[in-house]
>>> print(open('start-v6.cif').read())   # mmCIF, C-alpha atoms and all ligand atoms
data_my_file
#
loop_
_atom_site.label_atom_id
_atom_site.label_comp_id
_atom_site.auth_asym_id
_atom_site.auth_seq_id
_atom_site.Cartn_x
_atom_site.Cartn_y
_atom_site.Cartn_z
CA MET U 1 -6.31 21.78 5.59
CA GLN U 2 -4.37 19.14 3.78
CA ARG U 3 -5.52 16.84 1.00
CA ILE U 4 -2.91 14.71 -0.74
CA VAL U 5 -3.77 12.47 -3.67
CA LEU U 6 -1.43 9.76 -4.95
CA ILE U 7 -1.81 8.58 -8.52
CA GLY U 8 0.11 6.21 -10.77
CA TYR U 9 -0.10 2.87 -12.51
CA MET U 10 -1.15 -0.35 -10.76
CA GLY U 11 1.73 -1.55 -8.61
CA ALA U 12 3.42 1.86 -8.29
CA GLY U 13 3.09 1.76 -4.49
CA LYS U 14 0.22 4.20 -3.94
CA THR U 15 -1.36 2.23 -1.11
CA THR U 16 1.91 1.19 0.54
CA ILE U 17 3.35 4.70 0.53
CA GLY U 18 0.03 6.46 1.16
CA ARG U 19 -0.64 4.57 4.34
CA VAL U 20 2.75 5.43 5.84
CA LEU U 21 2.53 9.03 4.64
CA ALA U 22 -0.86 9.47 6.31
CA ARG U 23 0.39 8.05 9.59
CA LYS U 24 3.43 10.35 9.54
CA LEU U 25 1.39 13.47 8.77
CA GLU U 26 -1.42 12.42 11.12
CA LEU U 27 -3.97 12.48 8.32
CA GLU U 28 -6.65 9.93 7.56
CA PHE U 29 -5.85 7.44 4.82
CA PHE U 30 -8.27 6.42 2.07
CA ASP U 31 -7.60 3.88 -0.62
CA LEU U 32 -10.17 4.60 -3.31
CA ASP U 33 -10.59 0.93 -4.26
CA TRP U 34 -11.22 -0.06 -0.65
CA TYR U 35 -13.61 2.83 -0.25
CA ILE U 36 -15.58 1.71 -3.33
CA GLU U 37 -15.63 -1.87 -2.05
CA ALA U 38 -16.91 -0.76 1.37
CA ARG U 39 -19.56 1.61 -0.03
CA TYR U 40 -20.95 -0.89 -2.55
CA ARG U 41 -20.22 -4.01 -0.47
CA MET U 42 -18.63 -5.63 -3.50
CA LYS U 43 -15.07 -6.52 -4.43
CA ILE U 44 -13.55 -4.70 -7.42
CA PRO U 45 -13.49 -7.87 -9.63
CA GLN U 46 -17.18 -8.41 -8.87
CA ILE U 47 -17.99 -4.82 -9.89
CA PHE U 48 -16.09 -5.34 -13.16
CA SER U 49 -17.90 -8.60 -13.90
CA GLU U 50 -21.37 -7.29 -13.00
CA ARG U 51 -21.17 -3.76 -14.43
CA GLY U 52 -18.25 -3.93 -16.87
CA GLU U 53 -15.31 -1.56 -16.82
CA SER U 54 -17.47 1.41 -17.80
CA GLY U 55 -19.82 0.73 -14.88
CA PHE U 56 -16.81 0.59 -12.57
CA ARG U 57 -15.51 3.91 -13.92
CA GLU U 58 -18.83 5.61 -13.15
CA LEU U 59 -18.74 4.42 -9.54
CA GLU U 60 -15.07 5.29 -9.28
CA ARG U 61 -15.78 8.85 -10.38
CA LEU U 62 -18.61 9.24 -7.87
CA MET U 63 -16.49 7.88 -5.05
CA LEU U 64 -13.53 10.06 -6.05
CA HIS U 65 -15.76 13.08 -5.55
CA GLU U 66 -16.89 11.75 -2.19
CA VAL U 67 -13.40 11.22 -0.78
CA CYS U 68 -12.00 14.40 -2.33
CA GLU U 69 -14.43 16.45 -0.30
CA MET U 70 -12.95 15.20 2.94
CA GLU U 71 -10.33 17.25 4.69
CA ASP U 72 -6.96 16.27 6.13
CA VAL U 73 -6.68 13.08 4.14
CA VAL U 74 -4.26 11.12 2.02
CA ILE U 75 -6.03 9.39 -0.86
CA ALA U 76 -4.53 6.57 -2.94
CA CYS U 77 -6.40 6.43 -6.26
CA GLY U 78 -6.84 3.39 -8.48
CA GLY U 79 -4.42 3.15 -11.39
CA GLY U 80 -7.08 4.18 -13.90
CA THR U 81 -8.75 6.93 -11.85
CA PRO U 82 -6.98 9.96 -13.38
CA CYS U 83 -7.47 8.68 -16.93
CA PHE U 84 -11.27 8.86 -17.20
CA PHE U 85 -13.74 11.76 -17.44
CA ASP U 86 -12.32 15.02 -16.08
CA ASN U 87 -10.94 13.19 -13.05
CA MET U 88 -7.39 14.50 -13.40
CA ASP U 89 -8.51 18.13 -13.53
CA TYR U 90 -10.73 17.49 -10.55
CA ILE U 91 -7.90 15.85 -8.58
CA ASN U 92 -5.64 18.84 -9.25
CA ALA U 93 -8.36 21.31 -8.31
CA GLN U 94 -8.99 19.54 -5.02
CA SER U 95 -5.55 18.44 -3.89
CA GLU U 96 -1.81 18.36 -3.88
CA SER U 97 -1.36 15.54 -6.39
CA PHE U 98 1.65 13.22 -6.64
CA TYR U 99 2.45 10.89 -9.52
CA LEU U 100 4.36 7.85 -8.29
CA LYS U 101 6.26 7.23 -11.48
CA ALA U 102 7.77 3.80 -12.11
CA GLU U 103 9.21 2.05 -15.14
CA PRO U 104 7.35 -0.99 -16.53
CA GLU U 105 9.91 -3.42 -15.01
CA VAL U 106 9.34 -1.92 -11.56
CA LEU U 107 5.56 -2.09 -11.94
CA LYS U 108 5.75 -5.67 -13.13
CA ALA U 109 7.96 -6.69 -10.19
CA HIS U 110 5.52 -5.11 -7.73
CA LEU U 111 2.48 -6.62 -9.45
CA LEU U 112 4.01 -10.11 -9.38
CA MET U 113 4.80 -9.69 -5.66
CA GLY U 114 1.35 -8.31 -4.79
CA LYS U 115 -1.70 -10.22 -3.74
CA SER U 116 -4.47 -7.84 -4.87
CA GLN U 117 -6.87 -9.13 -7.49
CA ARG U 118 -6.76 -6.83 -10.48
CA PRO U 119 -9.28 -7.67 -13.19
CA LEU U 120 -7.37 -5.85 -15.95
CA ILE U 121 -4.29 -8.08 -15.62
CA GLN U 122 -5.82 -11.28 -14.31
CA GLY U 123 -4.67 -14.42 -16.13
CA LYS U 124 -1.86 -12.73 -18.08
CA SER U 125 1.44 -14.56 -18.50
CA PRO U 126 4.57 -12.61 -17.45
CA ASP U 127 5.26 -11.72 -21.10
CA GLU U 128 1.69 -10.63 -21.72
CA LEU U 129 1.86 -8.57 -18.54
CA THR U 130 4.99 -6.75 -19.75
CA ALA U 131 3.34 -5.94 -23.08
CA TYR U 132 0.13 -4.79 -21.42
CA ILE U 133 1.92 -2.54 -18.93
CA LYS U 134 4.03 -0.90 -21.64
CA GLU U 135 1.08 -0.30 -23.92
CA SER U 136 -1.33 1.03 -21.32
CA LEU U 137 1.31 3.10 -19.52
CA GLN U 138 1.87 4.95 -22.76
CA VAL U 139 -1.80 5.80 -23.00
CA ARG U 140 -2.07 6.74 -19.32
CA SER U 141 1.17 8.70 -18.86
CA PRO U 142 -0.17 11.98 -20.32
CA PHE U 143 -2.79 11.96 -17.56
CA TYR U 144 -0.41 10.98 -14.78
CA GLU U 145 2.12 13.59 -15.88
CA GLN U 146 -0.40 16.33 -15.12
CA ALA U 147 0.11 15.77 -11.38
CA LYS U 148 1.57 18.71 -9.48
CA HIS U 149 4.51 16.60 -8.28
CA VAL U 150 6.32 13.56 -9.63
CA VAL U 151 8.12 11.01 -7.43
CA PRO U 152 10.33 8.47 -9.24
CA ILE U 153 9.84 4.99 -7.77
CA GLU U 154 12.22 1.99 -7.85
CA VAL U 155 11.41 -1.57 -6.77
CA ILE U 156 10.44 -1.41 -3.10
CA HIS U 157 12.02 -4.08 -0.91
CA THR U 158 12.37 -2.38 2.46
CA LYS U 159 10.56 -0.14 4.92
CA ALA U 160 13.48 2.28 4.66
CA GLN U 161 12.64 2.78 0.98
CA ILE U 162 9.01 3.49 1.82
CA ASN U 163 10.13 6.03 4.43
CA HIS U 164 12.42 7.63 1.86
CA TYR U 165 9.52 8.17 -0.56
CA VAL U 166 7.37 9.52 2.26
CA GLU U 167 10.11 12.04 3.07
CA GLU U 168 10.35 13.04 -0.58
CA ILE U 169 6.63 13.77 -0.63
CA GLU U 170 6.82 15.71 2.64
CA LYS U 171 9.68 17.82 1.26
CA SER U 172 7.68 18.71 -1.86
CA ILE U 173 4.68 19.67 0.23
CA ASN U 174 6.76 21.91 2.44
CA LYS U 175 8.24 23.64 -0.61
CA SER U 176 4.88 24.28 -2.30
C1 LIG L 201 -7.18 -0.28 -12.10
C2 LIG L 201 -6.40 -0.26 -10.97
C3 LIG L 201 -6.83 -0.83 -9.69
C4 LIG L 201 -8.37 -0.85 -9.60
C5 LIG L 201 -8.97 -1.51 -10.79
C6 LIG L 201 -8.56 -0.84 -12.11
C7 LIG L 201 -6.65 0.34 -13.34
O1 LIG L 201 -6.27 -0.08 -8.62
O2 LIG L 201 -8.87 0.45 -9.46
O3 LIG L 201 -8.56 -2.85 -10.78
O4 LIG L 201 -7.42 0.64 -14.26
O5 LIG L 201 -5.41 0.56 -13.41
P1 LIG L 201 -4.70 -0.19 -8.19
O6 LIG L 201 -3.92 0.79 -9.00
O7 LIG L 201 -4.76 0.19 -6.75
O8 LIG L 201 -4.29 -1.60 -8.42
#
>>> encode(input="start-v6.cif", output="structure tokens", more="lines below")
Ligand code: S3P
Amino acid sequence: MQRIVLIGYMGAGKTTIGRVLARKLELEFFDLDWYIEARYRMKIPQIFSERGESGFRELERLMLHEVCEMEDVVIACGGGTPCFFDNMDYINAQSESFYLKAEPEVLKAHLLMGKSQRPLIQGKSPDELTAYIKESLQVRSPFYEQAKHVVPIEVIHTKAQINHYVEEIEKSINKS
């Protein structure tokens, strides 16, 4: 049985890499945000505006437990998932966890390229975004660093880069 969980800041590449990894390993792919949206029939920004961040975190925790009971899956968490409740301990107890670790400049580049709506950074100017990433990454890093494996991530421009990260993850799994 395989259960692989990808964690890391918003824009680290969890969904992009997770999807390709799952296909390669012939596992099912779950993006926790998409799973929450499908289960509650609401978009993430709507959940934040109706229930606040703390309401979202409660649902996120419940849904984390739901997907982490499935077998033969790759799960891409939300950026905040490991940083609330005992979620990080739970992730490690249930899975082979990988921290996709990127510098603030890399995260910012990915976030500016991306189309997802992310309530925590909505409406921020590029300078405000840099400051926010640096500040919150500092708070979140101690959680992320508890992952069983760490994969350093640079700005992703090509499919070859995605495949490279997938191979890195596969190598670590085979070693462990
Ligand atoms: C969040 C990250 C998002 C989503 C929500 C909150 C966070 O997921 O769960 O907007 O707290 O970092 P991604 O990391 O997939 O953007």
>>> residues_around(input="start-v6.cif", residues="region 50-54 of chain U", least_positions_apart="2", cutoff="12 Å", atoms="all atoms listed in the file", output="PyMOL selection string")
chain U and resi 42-48+56-61+80-81+84-85+118-120
>>> closest_residue(input="start-v6.cif", among="U:Arg23, U:Lys124, U:Arg3, U:Arg140", to="ligand LIG 201 (chain L)", atoms="only C-alpha atoms and all ligand atoms")
U:Arg140
>>> atom_distance(input="start-v6.cif", atom1="CA of Val67 (chain U)", atom2="CA of Tyr99 (chain U)")
18.1 Å
>>> closest_residue(input="start-v6.cif", among="U:Leu62, U:Ile121, U:Leu137, U:Leu6", to="Leu21 (chain U)", atoms="all atoms listed in the file")
U:Leu6
>>> atom_distance(input="start-v6.cif", atom1="CA of Lys175 (chain U)", atom2="CA of Val151 (chain U)")
14.4 Å
>>> atom_distance(input="start-v6.cif", atom1="CA of Ile91 (chain U)", atom2="CA of Gly79 (chain U)")
13.5 Å
>>> decode(input="start-v6.cif", residues="region 26-40 of chain U", atoms="all heavy atoms", output="JSON list (two decimals), in the first residue's frame")
[["chain", "number", "residue", "atom", "x", "y", "z"],
["U", 26, "GLU", "N", 0.94, 5.04, -10.93],
["U", 26, "GLU", "CA", -0.39, 4.41, -11.07],
["U", 26, "GLU", "C", -1.16, 4.42, -9.76],
["U", 26, "GLU", "O", -1.73, 3.42, -9.32],
["U", 26, "GLU", "CB", -0.25, 2.99, -11.64],
["U", 26, "GLU", "CG", 0.37, 3.01, -13.04],
["U", 26, "GLU", "CD", 0.44, 1.64, -13.71],
["U", 26, "GLU", "OE1", 0.17, 0.63, -13.04],
["U", 26, "GLU", "OE2", 0.77, 1.61, -14.90],
["U", 27, "LEU", "N", -1.15, 5.58, -9.14],
["U", 27, "LEU", "CA", -1.91, 5.79, -7.90],
["U", 27, "LEU", "C", -3.00, 6.82, -8.21],
["U", 27, "LEU", "O", -2.91, 7.55, -9.20],
["U", 27, "LEU", "CB", -1.00, 6.32, -6.79],
["U", 27, "LEU", "CG", 0.21, 5.45, -6.43],
["U", 27, "LEU", "CD1", 1.10, 6.16, -5.43],
["U", 27, "LEU", "CD2", -0.24, 4.11, -5.87],
["U", 28, "GLU", "N", -3.98, 6.89, -7.33],
["U", 28, "GLU", "CA", -5.02, 7.90, -7.54],
["U", 28, "GLU", "C", -4.54, 9.23, -6.97],
["U", 28, "GLU", "O", -3.86, 9.24, -5.94],
["U", 28, "GLU", "CB", -6.31, 7.45, -6.85],
["U", 28, "GLU", "CG", -7.51, 8.11, -7.46],
["U", 28, "GLU", "CD", -8.83, 7.51, -6.97],
["U", 28, "GLU", "OE1", -8.81, 6.38, -6.47],
["U", 28, "GLU", "OE2", -9.84, 8.21, -7.08],
["U", 29, "PHE", "N", -4.90, 10.32, -7.64],
["U", 29, "PHE", "CA", -4.46, 11.63, -7.17],
["U", 29, "PHE", "C", -5.61, 12.39, -6.51],
["U", 29, "PHE", "O", -6.70, 12.47, -7.05],
["U", 29, "PHE", "CB", -3.92, 12.47, -8.33],
["U", 29, "PHE", "CG", -3.54, 13.86, -7.93],
["U", 29, "PHE", "CD1", -2.50, 14.08, -7.04],
["U", 29, "PHE", "CD2", -4.25, 14.97, -8.40],
["U", 29, "PHE", "CE1", -2.16, 15.36, -6.63],
["U", 29, "PHE", "CE2", -3.92, 16.25, -8.00],
["U", 29, "PHE", "CZ", -2.87, 16.44, -7.12],
["U", 30, "PHE", "N", -5.31, 12.96, -5.34],
["U", 30, "PHE", "CA", -6.27, 13.83, -4.65],
["U", 30, "PHE", "C", -5.61, 15.15, -4.32],
["U", 30, "PHE", "O", -4.55, 15.18, -3.71],
["U", 30, "PHE", "CB", -6.77, 13.20, -3.35],
["U", 30, "PHE", "CG", -7.74, 12.10, -3.56],
["U", 30, "PHE", "CD1", -7.31, 10.78, -3.59],
["U", 30, "PHE", "CD2", -9.08, 12.37, -3.76],
["U", 30, "PHE", "CE1", -8.21, 9.75, -3.81],
["U", 30, "PHE", "CE2", -9.99, 11.34, -3.99],
["U", 30, "PHE", "CZ", -9.55, 10.02, -4.01],
["U", 31, "ASP", "N", -6.27, 16.23, -4.73],
["U", 31, "ASP", "CA", -5.86, 17.55, -4.28],
["U", 31, "ASP", "C", -6.84, 17.91, -3.17],
["U", 31, "ASP", "O", -8.05, 17.91, -3.38],
["U", 31, "ASP", "CB", -5.97, 18.53, -5.45],
["U", 31, "ASP", "CG", -5.61, 19.94, -5.02],
["U", 31, "ASP", "OD1", -6.45, 20.60, -4.36],
["U", 31, "ASP", "OD2", -4.50, 20.38, -5.33],
["U", 32, "LEU", "N", -6.31, 18.17, -1.99],
["U", 32, "LEU", "CA", -7.19, 18.35, -0.83],
["U", 32, "LEU", "C", -8.18, 19.50, -1.03],
["U", 32, "LEU", "O", -9.35, 19.40, -0.66],
["U", 32, "LEU", "CB", -6.36, 18.53, 0.44],
["U", 32, "LEU", "CG", -7.13, 18.55, 1.75],
["U", 32, "LEU", "CD1", -7.94, 17.27, 1.97],
["U", 32, "LEU", "CD2", -6.18, 18.75, 2.94],
["U", 33, "ASP", "N", -7.71, 20.60, -1.64],
["U", 33, "ASP", "CA", -8.62, 21.73, -1.88],
["U", 33, "ASP", "C", -9.78, 21.33, -2.80],
["U", 33, "ASP", "O", -10.93, 21.68, -2.55],
["U", 33, "ASP", "CB", -7.88, 22.90, -2.54],
["U", 33, "ASP", "CG", -7.02, 23.66, -1.55],
["U", 33, "ASP", "OD1", -7.31, 23.63, -0.35],
["U", 33, "ASP", "OD2", -6.04, 24.29, -1.99],
["U", 34, "TRP", "N", -9.44, 20.60, -3.85],
["U", 34, "TRP", "CA", -10.49, 20.18, -4.80],
["U", 34, "TRP", "C", -11.45, 19.21, -4.11],
["U", 34, "TRP", "O", -12.66, 19.23, -4.37],
["U", 34, "TRP", "CB", -9.87, 19.48, -6.02],
["U", 34, "TRP", "CG", -8.97, 20.36, -6.83],
["U", 34, "TRP", "CD1", -8.82, 21.72, -6.72],
["U", 34, "TRP", "CD2", -8.08, 19.94, -7.87],
["U", 34, "TRP", "NE1", -7.89, 22.16, -7.62],
["U", 34, "TRP", "CE2", -7.42, 21.09, -8.35],
["U", 34, "TRP", "CE3", -7.78, 18.70, -8.46],
["U", 34, "TRP", "CZ2", -6.48, 21.04, -9.36],
["U", 34, "TRP", "CZ3", -6.84, 18.65, -9.48],
["U", 34, "TRP", "CH2", -6.21, 19.81, -9.93],
["U", 35, "TYR", "N", -10.89, 18.37, -3.27],
["U", 35, "TYR", "CA", -11.72, 17.40, -2.55],
["U", 35, "TYR", "C", -12.71, 18.13, -1.63],
["U", 35, "TYR", "O", -13.90, 17.80, -1.59],
["U", 35, "TYR", "CB", -10.81, 16.45, -1.76],
["U", 35, "TYR", "CG", -11.52, 15.30, -1.14],
["U", 35, "TYR", "CD1", -11.85, 14.17, -1.88],
["U", 35, "TYR", "CD2", -11.88, 15.31, 0.21],
["U", 35, "TYR", "CE1", -12.52, 13.09, -1.31],
["U", 35, "TYR", "CE2", -12.55, 14.25, 0.79],
["U", 35, "TYR", "CZ", -12.87, 13.14, 0.03],
["U", 35, "TYR", "OH", -13.53, 12.08, 0.60],
["U", 36, "ILE", "N", -12.21, 19.13, -0.93],
["U", 36, "ILE", "CA", -13.07, 19.94, -0.04],
["U", 36, "ILE", "C", -14.17, 20.61, -0.87],
["U", 36, "ILE", "O", -15.35, 20.59, -0.51],
["U", 36, "ILE", "CB", -12.24, 21.01, 0.72],
["U", 36, "ILE", "CG1", -11.22, 20.34, 1.65],
["U", 36, "ILE", "CG2", -13.15, 21.96, 1.49],
["U", 36, "ILE", "CD1", -10.18, 21.30, 2.23],
["U", 37, "GLU", "N", -13.76, 21.19, -2.00],
["U", 37, "GLU", "CA", -14.73, 21.91, -2.84],
["U", 37, "GLU", "C", -15.81, 20.96, -3.35],
["U", 37, "GLU", "O", -16.99, 21.32, -3.40],
["U", 37, "GLU", "CB", -14.00, 22.57, -4.03],
["U", 37, "GLU", "CG", -13.13, 23.74, -3.58],
["U", 37, "GLU", "CD", -12.44, 24.47, -4.73],
["U", 37, "GLU", "OE1", -12.28, 23.86, -5.82],
["U", 37, "GLU", "OE2", -12.06, 25.64, -4.53],
["U", 38, "ALA", "N", -15.41, 19.73, -3.71],
["U", 38, "ALA", "CA", -16.38, 18.77, -4.24],
["U", 38, "ALA", "C", -17.31, 18.27, -3.12],
["U", 38, "ALA", "O", -18.52, 18.17, -3.32],
["U", 38, "ALA", "CB", -15.65, 17.59, -4.88],
["U", 39, "ARG", "N", -16.75, 18.02, -1.95],
["U", 39, "ARG", "CA", -17.55, 17.47, -0.84],
["U", 39, "ARG", "C", -18.56, 18.50, -0.32],
["U", 39, "ARG", "O", -19.65, 18.14, 0.06],
["U", 39, "ARG", "CB", -16.62, 17.03, 0.29],
["U", 39, "ARG", "CG", -15.97, 15.69, 0.09],
["U", 39, "ARG", "CD", -16.92, 14.51, 0.39],
["U", 39, "ARG", "NE", -16.85, 14.11, 1.78],
["U", 39, "ARG", "CZ", -17.73, 14.40, 2.71],
["U", 39, "ARG", "NH1", -18.78, 15.12, 2.42],
["U", 39, "ARG", "NH2", -17.57, 13.98, 3.93],
["U", 40, "TYR", "N", -18.14, 19.77, -0.27],
["U", 40, "TYR", "CA", -19.02, 20.80, 0.30],
["U", 40, "TYR", "C", -19.73, 21.62, -0.78],
["U", 40, "TYR", "O", -20.47, 22.55, -0.47],
["U", 40, "TYR", "CB", -18.23, 21.71, 1.26],
["U", 40, "TYR", "CG", -17.87, 20.96, 2.53],
["U", 40, "TYR", "CD1", -16.69, 20.22, 2.61],
["U", 40, "TYR", "CD2", -18.73, 20.94, 3.61],
["U", 40, "TYR", "CE1", -16.37, 19.49, 3.75],
["U", 40, "TYR", "CE2", -18.44, 20.21, 4.76],
["U", 40, "TYR", "CZ", -17.26, 19.49, 4.81],
["U", 40, "TYR", "OH", -16.96, 18.76, 5.93]]
